$ cat work-v3.tsv   # TSV, C-alpha atoms and all ligand atoms
chain	number	residue	atom	x	y	z
A	1146	MET	CA	-25.85	3.11	3.61
A	1147	LYS	CA	-24.50	0.48	1.25
A	1148	PHE	CA	-21.84	-1.98	2.41
A	1149	ASP	CA	-19.76	-4.26	0.25
A	1150	ARG	CA	-20.10	-6.76	3.06
A	1151	ALA	CA	-22.01	-6.85	6.32
A	1152	PRO	CA	-19.95	-5.66	9.29
A	1153	SER	CA	-19.91	-7.99	12.26
A	1154	THR	CA	-20.41	-6.51	15.70
A	1155	GLU	CA	-18.38	-9.07	17.60
A	1156	ASN	CA	-15.10	-7.98	19.08
A	1157	ARG	CA	-13.07	-10.72	17.51
A	1158	GLY	CA	-11.61	-11.64	14.17
A	1159	LEU	CA	-14.02	-13.14	11.67
A	1160	ASP	CA	-12.47	-16.58	12.16
A	1161	GLY	CA	-13.06	-16.24	15.90
A	1162	THR	CA	-9.57	-14.88	16.65
A	1163	VAL	CA	-9.39	-13.21	20.05
A	1164	PRO	CA	-7.31	-10.02	19.85
A	1165	PRO	CA	-3.76	-10.40	21.24
A	1166	PRO	CA	-3.36	-8.54	24.58
A	1167	GLU	CA	-0.91	-5.95	23.16
A	1168	ILE	CA	-3.58	-4.63	20.79
A	1169	ASP	CA	-5.44	-1.60	22.13
A	1170	LEU	CA	-8.99	-2.22	21.03
A	1171	ASN	CA	-9.84	1.47	21.39
A	1172	ILE	CA	-7.54	2.42	18.53
A	1173	PRO	CA	-8.32	1.36	14.97
A	1174	SER	CA	-5.47	0.30	12.71
A	1175	VAL	CA	-5.21	1.23	9.03
A	1176	ALA	CA	-3.81	-2.23	8.24
A	1177	ARG	CA	-6.72	-4.01	9.93
A	1178	ALA	CA	-9.40	-1.64	8.57
A	1179	TYR	CA	-7.99	-2.17	5.08
A	1180	ASP	CA	-8.10	-5.91	5.66
A	1181	PHE	CA	-11.78	-5.58	6.59
A	1182	ILE	CA	-12.53	-3.52	3.48
A	1183	LEU	CA	-10.80	-6.11	1.29
A	1184	GLY	CA	-12.82	-8.95	2.83
A	1185	GLY	CA	-10.04	-10.35	5.06
A	1186	LYS	CA	-10.48	-11.78	8.54
A	1187	ASP	CA	-7.91	-9.96	10.69
A	1188	HIS	CA	-9.86	-7.01	12.09
A	1189	PHE	CA	-11.77	-6.12	15.22
A	1190	GLU	CA	-14.84	-4.08	16.09
A	1191	VAL	CA	-12.86	-0.82	16.42
A	1192	ASP	CA	-11.50	-1.29	12.87
A	1193	ARG	CA	-14.90	-2.13	11.44
A	1194	ARG	CA	-16.41	0.98	13.03
A	1195	ALA	CA	-13.67	3.15	11.52
A	1196	SER	CA	-14.33	1.55	8.13
A	1197	ASP	CA	-18.05	2.26	8.47
A	1198	ALA	CA	-17.22	5.98	8.47
A	1199	LEU	CA	-15.41	5.54	5.15
A	1200	TYR	CA	-18.32	3.62	3.60
A	1201	ALA	CA	-20.72	6.30	4.84
A	1202	ALA	CA	-18.68	8.96	2.99
A	1203	VAL	CA	-18.07	6.90	-0.15
A	1204	PRO	CA	-20.04	3.66	-0.53
A	1205	GLU	CA	-17.55	2.47	-3.17
A	1206	THR	CA	-14.66	2.52	-0.67
A	1207	GLY	CA	-14.12	-1.18	-1.40
A	1208	ASP	CA	-13.52	-0.38	-5.08
A	1209	LEU	CA	-10.82	2.09	-4.06
A	1210	ALA	CA	-8.99	-0.58	-2.07
A	1211	ARG	CA	-9.39	-3.11	-4.87
A	1212	SER	CA	-7.99	-0.58	-7.38
A	1213	GLY	CA	-4.87	-0.46	-5.21
A	1214	ARG	CA	-4.53	-4.23	-5.20
A	1215	ASP	CA	-5.06	-4.38	-8.96
A	1216	LEU	CA	-2.42	-1.70	-9.49
A	1217	ILE	CA	0.01	-3.81	-7.45
A	1218	ARG	CA	-0.82	-6.85	-9.59
A	1219	ARG	CA	-0.14	-4.98	-12.85
A	1220	THR	CA	2.97	-3.13	-11.71
A	1221	VAL	CA	4.64	-6.16	-10.10
A	1222	LYS	CA	3.90	-8.27	-13.16
A	1223	HIS	CA	5.40	-5.55	-15.35
A	1224	LEU	CA	8.48	-5.14	-13.14
A	1225	VAL	CA	9.24	-8.86	-13.05
A	1226	ALA	CA	8.09	-10.01	-16.50
A	1227	ASP	CA	9.07	-7.00	-18.63
A	1228	VAL	CA	11.73	-5.03	-16.72
A	1229	GLY	CA	13.54	-8.05	-15.26
A	1230	ILE	CA	13.40	-6.96	-11.60
A	1231	ARG	CA	14.14	-9.79	-9.17
A	1232	GLN	CA	14.09	-7.89	-5.84
A	1233	ILE	CA	11.17	-5.94	-4.39
A	1234	ILE	CA	10.69	-3.98	-1.15
A	1235	ASP	CA	6.98	-3.39	-0.44
A	1236	ILE	CA	6.62	-0.59	2.13
A	1237	GLY	CA	3.26	-0.26	3.91
A	1238	SER	CA	2.47	-3.73	2.64
A	1239	GLY	CA	-0.54	-4.25	4.91
A	1240	LEU	CA	-1.83	-7.60	6.10
A	1241	PRO	CA	-1.36	-10.55	3.79
A	1242	THR	CA	-4.39	-10.68	1.56
A	1243	VAL	CA	-5.31	-12.02	-1.86
A	1244	GLY	CA	-2.71	-11.34	-4.52
A	1245	ASN	CA	0.32	-10.58	-2.38
A	1246	VAL	CA	3.41	-9.17	-4.07
A	1247	HIS	CA	5.48	-12.36	-3.64
A	1248	GLU	CA	2.68	-14.48	-5.12
A	1249	ILE	CA	2.36	-12.22	-8.17
A	1250	ALA	CA	6.14	-12.11	-8.65
A	1251	HIS	CA	6.62	-15.84	-8.12
A	1252	ARG	CA	4.05	-16.66	-10.77
A	1253	VAL	CA	6.53	-15.11	-13.23
A	1254	ASP	CA	9.76	-16.18	-11.52
A	1255	PRO	CA	9.92	-18.06	-8.18
A	1256	SER	CA	13.41	-16.72	-7.51
A	1257	VAL	CA	12.24	-13.13	-6.86
A	1258	HIS	CA	13.13	-11.80	-3.39
A	1259	VAL	CA	10.46	-9.78	-1.57
A	1260	VAL	CA	10.74	-7.81	1.69
A	1261	TYR	CA	7.45	-6.66	3.21
A	1262	VAL	CA	7.66	-3.62	5.48
A	1263	ASP	CA	4.94	-2.19	7.70
A	1264	LYS	CA	4.91	-0.16	10.89
A	1265	ASP	CA	2.00	-2.15	12.32
A	1266	PRO	CA	3.39	-5.16	14.24
A	1267	ILE	CA	0.27	-7.19	13.41
A	1268	VAL	CA	1.63	-7.40	9.85
A	1269	LEU	CA	4.82	-8.99	11.14
A	1270	ALA	CA	2.87	-11.53	13.21
A	1271	HIS	CA	0.66	-12.60	10.32
A	1272	GLY	CA	3.46	-12.35	7.78
A	1273	ARG	CA	5.66	-14.70	9.81
A	1274	ALA	CA	2.91	-17.31	9.88
A	1275	LEU	CA	2.13	-16.93	6.18
A	1276	LEU	CA	5.76	-16.92	5.12
A	1277	ALA	CA	7.02	-19.67	7.44
A	1278	ASP	CA	7.91	-21.91	4.47
A	1279	GLU	CA	9.03	-19.08	2.20
A	1280	GLU	CA	12.76	-18.73	1.64
A	1281	ARG	CA	12.69	-15.74	-0.67
A	1282	THR	CA	10.14	-13.56	1.11
A	1283	THR	CA	10.32	-11.92	4.52
A	1284	VAL	CA	8.66	-9.23	6.59
A	1285	ILE	CA	10.08	-6.51	8.87
A	1286	THR	CA	8.58	-3.82	11.08
A	1287	ALA	CA	9.72	-0.29	10.20
A	1288	ASP	CA	8.38	3.17	9.52
A	1289	ILE	CA	8.53	4.61	5.99
A	1290	ARG	CA	9.55	7.95	7.54
A	1291	ASP	CA	12.90	6.37	8.39
A	1292	PRO	CA	14.15	4.83	5.11
A	1293	ASP	CA	17.55	4.04	6.65
A	1294	ALA	CA	15.83	1.76	9.16
A	1295	ILE	CA	14.32	-0.11	6.20
A	1296	PHE	CA	17.29	-0.24	3.82
A	1297	ASP	CA	19.93	-0.89	6.51
A	1298	ASN	CA	17.85	-3.46	8.39
A	1299	PRO	CA	19.98	-6.64	8.51
A	1300	THR	CA	17.06	-8.73	7.20
A	1301	THR	CA	16.56	-6.38	4.25
A	1302	ARG	CA	20.29	-6.54	3.53
A	1303	ASP	CA	20.14	-10.35	3.60
A	1304	PHE	CA	17.36	-10.37	1.03
A	1305	ILE	CA	18.24	-7.44	-1.22
A	1306	ASP	CA	21.52	-6.93	-3.06
A	1307	TYR	CA	21.69	-3.18	-3.68
A	1308	ASP	CA	24.26	-3.71	-6.43
A	1309	LYS	CA	21.53	-5.36	-8.51
A	1310	PRO	CA	18.30	-3.78	-9.80
A	1311	TYR	CA	15.42	-3.60	-7.35
A	1312	ALA	CA	12.03	-1.93	-6.96
A	1313	VAL	CA	10.37	-0.21	-4.02
A	1314	LEU	CA	6.59	-0.07	-3.74
A	1315	ALA	CA	4.79	2.48	-1.55
A	1316	VAL	CA	1.14	1.98	-2.43
A	1317	SER	CA	-1.54	3.78	-0.42
A	1318	ILE	CA	0.81	4.83	2.37
A	1319	LEU	CA	2.05	8.42	1.82
A	1320	HIS	CA	-1.54	9.64	2.05
A	1321	HIS	CA	-1.58	8.34	5.63
A	1322	LEU	CA	1.28	10.68	6.53
A	1323	HIS	CA	0.83	14.23	7.75
A	1324	ASP	CA	1.84	17.05	5.42
A	1325	GLU	CA	5.04	17.75	7.33
A	1326	ASP	CA	6.16	14.14	6.80
A	1327	ALA	CA	4.88	13.16	3.35
A	1328	LEU	CA	7.14	15.17	1.04
A	1329	VAL	CA	10.17	14.80	3.33
A	1330	THR	CA	9.61	11.04	3.29
A	1331	ALA	CA	9.26	10.89	-0.50
A	1332	GLU	CA	12.52	12.87	-0.83
A	1333	ALA	CA	14.33	10.65	1.69
A	1334	LEU	CA	13.15	7.50	-0.09
A	1335	LYS	CA	14.33	8.76	-3.47
A	1336	ALA	CA	17.66	9.87	-1.97
A	1337	ARG	CA	18.19	6.39	-0.57
A	1338	LEU	CA	17.51	4.58	-3.87
A	1339	ASN	CA	20.43	3.38	-5.98
A	1340	PRO	CA	20.53	4.67	-9.56
A	1341	GLY	CA	18.40	2.41	-11.74
A	1342	ALA	CA	16.08	1.41	-8.89
A	1343	TYR	CA	12.32	1.71	-9.48
A	1344	LEU	CA	9.84	3.43	-7.18
A	1345	LEU	CA	6.06	3.03	-7.35
A	1346	LEU	CA	4.02	5.67	-5.51
A	1347	ALA	CA	0.23	5.52	-5.42
A	1348	ASN	CA	-1.91	7.93	-3.47
A	1349	PHE	CA	-5.34	9.44	-3.02
A	1350	VAL	CA	-5.75	12.43	-5.30
A	1351	ASP	CA	-7.81	15.56	-4.67
A	1352	ASP	CA	-9.18	16.41	-8.07
A	1353	ASP	CA	-11.67	18.96	-6.71
A	1354	GLU	CA	-14.05	16.07	-6.19
A	1355	PRO	CA	-16.32	16.67	-3.17
A	1356	ARG	CA	-15.94	12.97	-2.29
A	1357	ALA	CA	-12.19	13.42	-1.76
A	1358	LYS	CA	-12.89	15.91	1.04
A	1359	GLU	CA	-15.64	13.69	2.48
A	1360	LEU	CA	-13.39	10.64	2.58
A	1361	GLU	CA	-10.56	12.70	4.07
A	1362	ARG	CA	-12.91	13.83	6.85
A	1363	ALA	CA	-14.05	10.24	7.42
A	1364	PHE	CA	-10.44	9.12	7.90
A	1365	LEU	CA	-9.93	11.82	10.52
A	1366	GLU	CA	-13.25	11.59	12.31
A	1367	GLY	CA	-13.53	7.81	12.04
A	1368	GLY	CA	-10.31	7.49	14.03
A	1369	LEU	CA	-7.95	6.24	11.34
A	1370	GLY	CA	-5.76	9.31	11.74
A	1371	THR	CA	-5.03	10.69	8.33
A	1372	GLY	CA	-6.01	10.01	4.80
A	1373	ARG	CA	-4.90	13.16	3.04
A	1374	PHE	CA	-5.95	13.53	-0.58
A	1375	ARG	CA	-3.23	15.44	-2.39
A	1376	THR	CA	-3.35	17.60	-5.48
A	1377	TRP	CA	-1.68	16.63	-8.76
A	1378	ALA	CA	0.95	19.31	-8.07
A	1379	GLU	CA	1.77	17.69	-4.72
A	1380	LEU	CA	1.90	14.23	-6.31
A	1381	ARG	CA	4.22	15.53	-9.04
A	1382	ARG	CA	6.59	16.77	-6.34
A	1383	PHE	CA	6.62	13.30	-4.73
A	1384	ASN	CA	7.89	11.95	-8.06
A	1385	GLU	CA	10.30	14.75	-8.96
A	1386	GLY	CA	13.76	13.54	-9.91
A	1387	LEU	CA	12.55	10.17	-11.17
A	1388	ASP	CA	12.30	9.23	-14.84
A	1389	LEU	CA	8.65	8.20	-14.93
A	1390	ILE	CA	7.92	5.23	-17.13
A	1391	GLU	CA	4.92	5.35	-19.44
A	1392	PRO	CA	2.18	6.48	-18.88
A	1393	GLY	CA	3.60	8.72	-16.13
A	1394	LEU	CA	1.49	10.06	-13.27
A	1395	VAL	CA	-2.13	9.09	-14.00
A	1396	TYR	CA	-5.29	7.82	-12.32
A	1397	ALA	CA	-4.26	4.40	-11.01
A	1398	ASN	CA	-6.68	2.45	-13.19
A	1399	ASP	CA	-5.19	4.19	-16.24
A	1400	TRP	CA	-1.72	2.85	-15.45
A	1401	ARG	CA	-1.29	0.17	-18.15
A	1402	PRO	CA	-4.76	-1.33	-17.58
A	1403	ASP	CA	-5.35	-4.90	-18.70
A	1404	GLU	CA	-8.44	-7.04	-19.13
A	1405	GLU	CA	-8.88	-7.37	-15.34
A	1406	THR	CA	-8.56	-3.65	-14.51
A	1407	PRO	CA	-11.82	-2.00	-13.47
A	1408	VAL	CA	-12.45	0.45	-16.33
A	1409	ASP	CA	-15.67	2.06	-15.12
A	1410	SER	CA	-14.84	2.34	-11.41
A	1411	ALA	CA	-16.94	4.89	-9.53
A	1412	VAL	CA	-13.78	5.97	-7.69
A	1413	HIS	CA	-11.57	6.31	-10.78
A	1414	THR	CA	-10.68	9.93	-10.06
A	1415	LEU	CA	-9.77	9.45	-6.37
A	1416	PHE	CA	-6.55	7.48	-6.75
A	1417	ALA	CA	-3.39	8.14	-8.78
A	1418	ALA	CA	-0.11	6.36	-9.40
A	1419	ALA	CA	3.29	6.74	-11.04
A	1420	MET	CA	6.29	4.48	-11.38
A	1421	GLY	CA	9.71	6.02	-11.90
A	1422	ARG	CA	13.34	5.08	-12.19
A	1423	LYS	CA	16.10	6.79	-10.23
A	1424	ARG	CA	18.63	8.45	-12.50
B	1	LIG	C1	-4.05	1.20	3.07
B	1	LIG	S1	-2.83	0.06	3.56
B	1	LIG	C2	-2.08	-0.34	1.98
B	1	LIG	C3	-1.60	-1.77	1.88
B	1	LIG	C4	-0.96	-2.13	0.54
B	1	LIG	N1	0.19	-1.29	0.24
B	1	LIG	C5	-1.96	-2.01	-0.59
B	1	LIG	O1	-1.96	-0.98	-1.27
B	1	LIG	O2	-2.76	-2.91	-0.79
B	1	LIG	C6	-1.60	1.13	4.25
B	1	LIG	C7	-0.54	0.38	5.07
B	1	LIG	O3	0.51	1.30	5.39
B	1	LIG	C8	0.90	1.07	6.73
B	1	LIG	N2	1.49	2.32	7.23
B	1	LIG	C9	0.86	3.48	7.54
B	1	LIG	N3	1.75	4.41	7.94
B	1	LIG	C10	2.97	3.81	7.88
B	1	LIG	C11	4.29	4.24	8.18
B	1	LIG	N4	4.52	5.47	8.64
B	1	LIG	N5	5.32	3.38	7.98
B	1	LIG	C12	5.09	2.11	7.55
B	1	LIG	N6	3.85	1.62	7.28
B	1	LIG	C13	2.81	2.47	7.44
B	1	LIG	C14	-0.36	0.68	7.46
B	1	LIG	O4	-0.07	-0.05	8.65
B	1	LIG	C15	-1.06	-0.16	6.40
B	1	LIG	O5	-0.74	-1.52	6.52

$ encode --input "work-v3.tsv" --output "structure tokens"
Amino acid sequence: MKFDRAPSTENRGLDGTVPPPEIDLNIPSVARAYDFILGGKDHFEVDRRASDALYAAVPETGDLARSGRDLIRRTVKHLVADVGIRQIIDIGSGLPTVGNVHEIAHRVDPSVHVVYVDKDPIVLAHGRALLADEERTTVITADIRDPDAIFDNPTTRDFIDYDKPYAVLAVSILHHLHDEDALVTAEALKARLNPGAYLLLANFVDDDEPRAKELERAFLEGGLGTGRFRTWAELRRFNEGLDLIEPGLVYANDWRPDEETPVDSAVHTLFAAAMGRKR
């Protein structure tokens, strides 16, 4: 088995962090496993074991996660530099890692407001520490399945003026929802957007690739819950009703690639993205 990085067997964070008592060390967390895969330090043995199952199915799992981060870099840069967006809500933001949305946006314009949203309270804990000196960026705990709880949250309302243009990112999150929730959630999100708002959706795609099924099984059996690869038809339905900006719904690395985008990724066909504008 090939690993991007050697898993540690100690039941503590890589920087020696002892897990807070409220964390159940028998249950892996997607946010922490993703942090491990991206080379972060906020994960525990249970998360590393769950990640091992993903690496066993697809050794290039790290490339898949990095494709997601690179998509975020390109789309946020485009939204801020080219479209003129100055407010972003990043749902399922994950643990702060390299190239966070507010850092990308602030490189173009330091006045951009960013609200990070995640259902995992560990994201709030780390986000608060990271963002202690940040006046234009905040983090809340909420579930994407309840968009009202996100958009009506008093903190979100303090940071985002819905009368002005804004963008919502939901990268690598809908594929963690069960079938009965995913489409309903996409519809509810779109219904909640103001006309002119942008929505970025990026998800695992099942392109009849045997590795899609293997990775899906690894998510389930490795304890991470769900990681459902969806067909192009299903992904198109997620985006229905939006005016997709060029190039539409495509493999994520084909979405306006630049000189830093991995062009020959071994997992190119496992991940797709589209960004659209509410009519
Ligand atoms: C794979 S990570 C993606 C992180 C980041 N968006 C990226 O692409 O780099 C998925 C994140 O979604 C969060 N998540 C999963 N289900 C969620 C839900 N129902 N509501 C809010 N966040 C959720 C997880 O806690 C995790 O942090």

$ residues_near_ligand --input "work-v3.tsv" --ligand "ligand LIG 1 (chain B)" --cutoff "7 Å" --atoms "only C-alpha atoms and all ligand atoms" --output "ChimeraX atom specification"
/A:1174-1176,1179,1210,1213-1214,1236-1240,1262-1265,1287-1290,1315-1318,1321-1322

$ write_last_selection --input "work-v3.tsv" --atoms "C-alpha atoms" --output "PDB file, in the coordinates of the input"
ATOM      1  CA  SER A1174      -5.470   0.300  12.710  1.00  0.00           C
ATOM      2  CA  VAL A1175      -5.210   1.230   9.030  1.00  0.00           C
ATOM      3  CA  ALA A1176      -3.810  -2.230   8.240  1.00  0.00           C
ATOM      4  CA  TYR A1179      -7.990  -2.170   5.080  1.00  0.00           C
ATOM      5  CA  ALA A1210      -8.990  -0.580  -2.070  1.00  0.00           C
ATOM      6  CA  GLY A1213      -4.870  -0.460  -5.210  1.00  0.00           C
ATOM      7  CA  ARG A1214      -4.530  -4.230  -5.200  1.00  0.00           C
ATOM      8  CA  ILE A1236       6.620  -0.590   2.130  1.00  0.00           C
ATOM      9  CA  GLY A1237       3.260  -0.260   3.910  1.00  0.00           C
ATOM     10  CA  SER A1238       2.470  -3.730   2.640  1.00  0.00           C
ATOM     11  CA  GLY A1239      -0.540  -4.250   4.910  1.00  0.00           C
ATOM     12  CA  LEU A1240      -1.830  -7.600   6.100  1.00  0.00           C
ATOM     13  CA  VAL A1262       7.660  -3.620   5.480  1.00  0.00           C
ATOM     14  CA  ASP A1263       4.940  -2.190   7.700  1.00  0.00           C
ATOM     15  CA  LYS A1264       4.910  -0.160  10.890  1.00  0.00           C
ATOM     16  CA  ASP A1265       2.000  -2.150  12.320  1.00  0.00           C
ATOM     17  CA  ALA A1287       9.720  -0.290  10.200  1.00  0.00           C
ATOM     18  CA  ASP A1288       8.380   3.170   9.520  1.00  0.00           C
ATOM     19  CA  ILE A1289       8.530   4.610   5.990  1.00  0.00           C
ATOM     20  CA  ARG A1290       9.550   7.950   7.540  1.00  0.00           C
ATOM     21  CA  ALA A1315       4.790   2.480  -1.550  1.00  0.00           C
ATOM     22  CA  VAL A1316       1.140   1.980  -2.430  1.00  0.00           C
ATOM     23  CA  SER A1317      -1.540   3.780  -0.420  1.00  0.00           C
ATOM     24  CA  ILE A1318       0.810   4.830   2.370  1.00  0.00           C
ATOM     25  CA  HIS A1321      -1.580   8.340   5.630  1.00  0.00           C
ATOM     26  CA  LEU A1322       1.280  10.680   6.530  1.00  0.00           C
TER      27      LEU A1322
END

$ closest_residue --input "work-v3.tsv" --among "A:His1320, A:Thr1414, A:Ile1295, A:Phe1304" --to "Phe1364 (chain A)" --atoms "all atoms listed in the file"
A:His1320

$ closest_residue --input "work-v3.tsv" --among "A:Gly1244, A:Pro1355, A:Pro1173, A:Gly1185" --to "Leu1415 (chain A)" --atoms "only C-alpha atoms"
A:Pro1355

$ closest_residue --input "work-v3.tsv" --among "A:Trp1400, A:Phe1296, A:Phe1349, A:Phe1181" --to "His1223 (chain A)" --atoms "all atoms listed in the file"
A:Trp1400

$ closest_residue --input "work-v3.tsv" --among "A:Ala1327, A:Val1313, A:Val1221, A:Leu1360" --to "Gly1421 (chain A)" --atoms "all atoms listed in the file"
A:Val1313

$ closest_residue --input "work-v3.tsv" --among "A:Ala1198, A:Val1408, A:Val1259, A:Val1191" --to "Glu1279 (chain A)" --atoms "all atoms listed in the file"
A:Val1259

$ atom_distance --input "work-v3.tsv" --atom1 "CA of Ala1347 (chain A)" --atom2 "CA of Asp1308 (chain A)"
25.8 Å

$ atom_distance --input "work-v3.tsv" --atom1 "CA of Ala1312 (chain A)" --atom2 "CA of Ala1342 (chain A)"
5.6 Å

$ atom_distance --input "work-v3.tsv" --atom1 "CA of Leu1389 (chain A)" --atom2 "CA of Tyr1311 (chain A)"
15.6 Å

$ closest_residue --input "work-v3.tsv" --among "A:Ser1196, A:Thr1220, A:Asn1398, A:Asn1348" --to "Asn1384 (chain A)" --atoms "all atoms listed in the file"
A:Asn1348

$ residues_around --input "work-v3.tsv" --residues "Asp1291 (chain A)" --least-positions-apart "6" --cutoff "10 Å" --atoms "only C-alpha atoms" --output "ChimeraX atom specification"
/A:1330,1333-1334

$ residues_around --input "work-v3.tsv" --residues "Pro1299 (chain A)" --least-positions-apart "6" --cutoff "12 Å" --atoms "all atoms listed in the file" --output "list in words"
Val1260, Thr1283, Val1284, Ile1285, Asp1293, Ile1305 and Asp1306 of chain A

$ residues_around --input "work-v3.tsv" --residues "Asn1339 (chain A)" --least-positions-apart "2" --cutoff "8 Å" --atoms "all atoms listed in the file" --output "PyMOL selection string"
chain A and resi 1307+1337+1341-1342+1423

$ build_atoms --input "work-v3.tsv" --residues "region 1264-1271 of chain A" --atoms "all heavy atoms" --output "PDB file, in the frame of the given file"
ATOM      1  N   LYS A1264       4.647  -0.631   9.520  1.00  0.00           N
ATOM      2  CA  LYS A1264       4.910  -0.160  10.890  1.00  0.00           C
ATOM      3  C   LYS A1264       4.009  -0.877  11.895  1.00  0.00           C
ATOM      4  O   LYS A1264       4.279  -0.854  13.086  1.00  0.00           O
ATOM      5  CB  LYS A1264       4.724   1.354  10.994  1.00  0.00           C
ATOM      6  CG  LYS A1264       3.300   1.807  10.945  1.00  0.00           C
ATOM      7  CD  LYS A1264       3.149   3.214  11.475  1.00  0.00           C
ATOM      8  CE  LYS A1264       1.662   3.541  11.550  1.00  0.00           C
ATOM      9  NZ  LYS A1264       1.344   4.902  11.825  1.00  0.00           N
ATOM     10  N   ASP A1265       2.941  -1.492  11.417  1.00  0.00           N
ATOM     11  CA  ASP A1265       2.000  -2.150  12.320  1.00  0.00           C
ATOM     12  C   ASP A1265       2.493  -3.575  12.618  1.00  0.00           C
ATOM     13  O   ASP A1265       2.596  -4.407  11.716  1.00  0.00           O
ATOM     14  CB  ASP A1265       0.622  -2.212  11.633  1.00  0.00           C
ATOM     15  CG  ASP A1265      -0.487  -2.625  12.591  1.00  0.00           C
ATOM     16  OD1 ASP A1265      -0.194  -3.411  13.522  1.00  0.00           O
ATOM     17  OD2 ASP A1265      -1.625  -2.175  12.403  1.00  0.00           O
ATOM     18  N   PRO A1266       2.800  -3.850  13.908  1.00  0.00           N
ATOM     19  CA  PRO A1266       3.390  -5.160  14.240  1.00  0.00           C
ATOM     20  C   PRO A1266       2.466  -6.338  13.919  1.00  0.00           C
ATOM     21  O   PRO A1266       2.931  -7.470  13.793  1.00  0.00           O
ATOM     22  CB  PRO A1266       3.668  -5.073  15.739  1.00  0.00           C
ATOM     23  CG  PRO A1266       3.048  -3.827  16.224  1.00  0.00           C
ATOM     24  CD  PRO A1266       2.677  -2.960  15.061  1.00  0.00           C
ATOM     25  N   ILE A1267       1.171  -6.086  13.746  1.00  0.00           N
ATOM     26  CA  ILE A1267       0.270  -7.190  13.410  1.00  0.00           C
ATOM     27  C   ILE A1267       0.642  -7.783  12.048  1.00  0.00           C
ATOM     28  O   ILE A1267       0.459  -8.971  11.782  1.00  0.00           O
ATOM     29  CB  ILE A1267      -1.220  -6.754  13.457  1.00  0.00           C
ATOM     30  CG1 ILE A1267      -2.108  -8.001  13.542  1.00  0.00           C
ATOM     31  CG2 ILE A1267      -1.611  -5.913  12.259  1.00  0.00           C
ATOM     32  CD1 ILE A1267      -3.535  -7.729  13.930  1.00  0.00           C
ATOM     33  N   VAL A1268       1.222  -6.934  11.176  1.00  0.00           N
ATOM     34  CA  VAL A1268       1.630  -7.400   9.850  1.00  0.00           C
ATOM     35  C   VAL A1268       2.785  -8.393   9.986  1.00  0.00           C
ATOM     36  O   VAL A1268       2.818  -9.427   9.319  1.00  0.00           O
ATOM     37  CB  VAL A1268       2.014  -6.206   8.948  1.00  0.00           C
ATOM     38  CG1 VAL A1268       2.588  -6.678   7.625  1.00  0.00           C
ATOM     39  CG2 VAL A1268       0.807  -5.295   8.726  1.00  0.00           C
ATOM     40  N   LEU A1269       3.692  -8.094  10.902  1.00  0.00           N
ATOM     41  CA  LEU A1269       4.820  -8.990  11.140  1.00  0.00           C
ATOM     42  C   LEU A1269       4.315 -10.339  11.662  1.00  0.00           C
ATOM     43  O   LEU A1269       4.719 -11.404  11.178  1.00  0.00           O
ATOM     44  CB  LEU A1269       5.784  -8.364  12.156  1.00  0.00           C
ATOM     45  CG  LEU A1269       7.031  -9.159  12.498  1.00  0.00           C
ATOM     46  CD1 LEU A1269       7.988  -9.175  11.313  1.00  0.00           C
ATOM     47  CD2 LEU A1269       7.742  -8.567  13.713  1.00  0.00           C
ATOM     48  N   ALA A1270       3.389 -10.290  12.618  1.00  0.00           N
ATOM     49  CA  ALA A1270       2.870 -11.530  13.210  1.00  0.00           C
ATOM     50  C   ALA A1270       2.213 -12.403  12.150  1.00  0.00           C
ATOM     51  O   ALA A1270       2.511 -13.591  12.034  1.00  0.00           O
ATOM     52  CB  ALA A1270       1.877 -11.177  14.317  1.00  0.00           C
ATOM     53  N   HIS A1271       1.354 -11.812  11.342  1.00  0.00           N
ATOM     54  CA  HIS A1271       0.660 -12.600  10.320  1.00  0.00           C
ATOM     55  C   HIS A1271       1.608 -12.997   9.190  1.00  0.00           C
ATOM     56  O   HIS A1271       1.508 -14.082   8.645  1.00  0.00           O
ATOM     57  CB  HIS A1271      -0.535 -11.834   9.761  1.00  0.00           C
ATOM     58  CG  HIS A1271      -1.676 -11.818  10.711  1.00  0.00           C
ATOM     59  ND1 HIS A1271      -2.629 -12.796  10.713  1.00  0.00           N
ATOM     60  CD2 HIS A1271      -1.988 -10.972  11.705  1.00  0.00           C
ATOM     61  CE1 HIS A1271      -3.495 -12.536  11.687  1.00  0.00           C
ATOM     62  NE2 HIS A1271      -3.128 -11.427  12.302  1.00  0.00           N
TER      63      HIS A1271
END
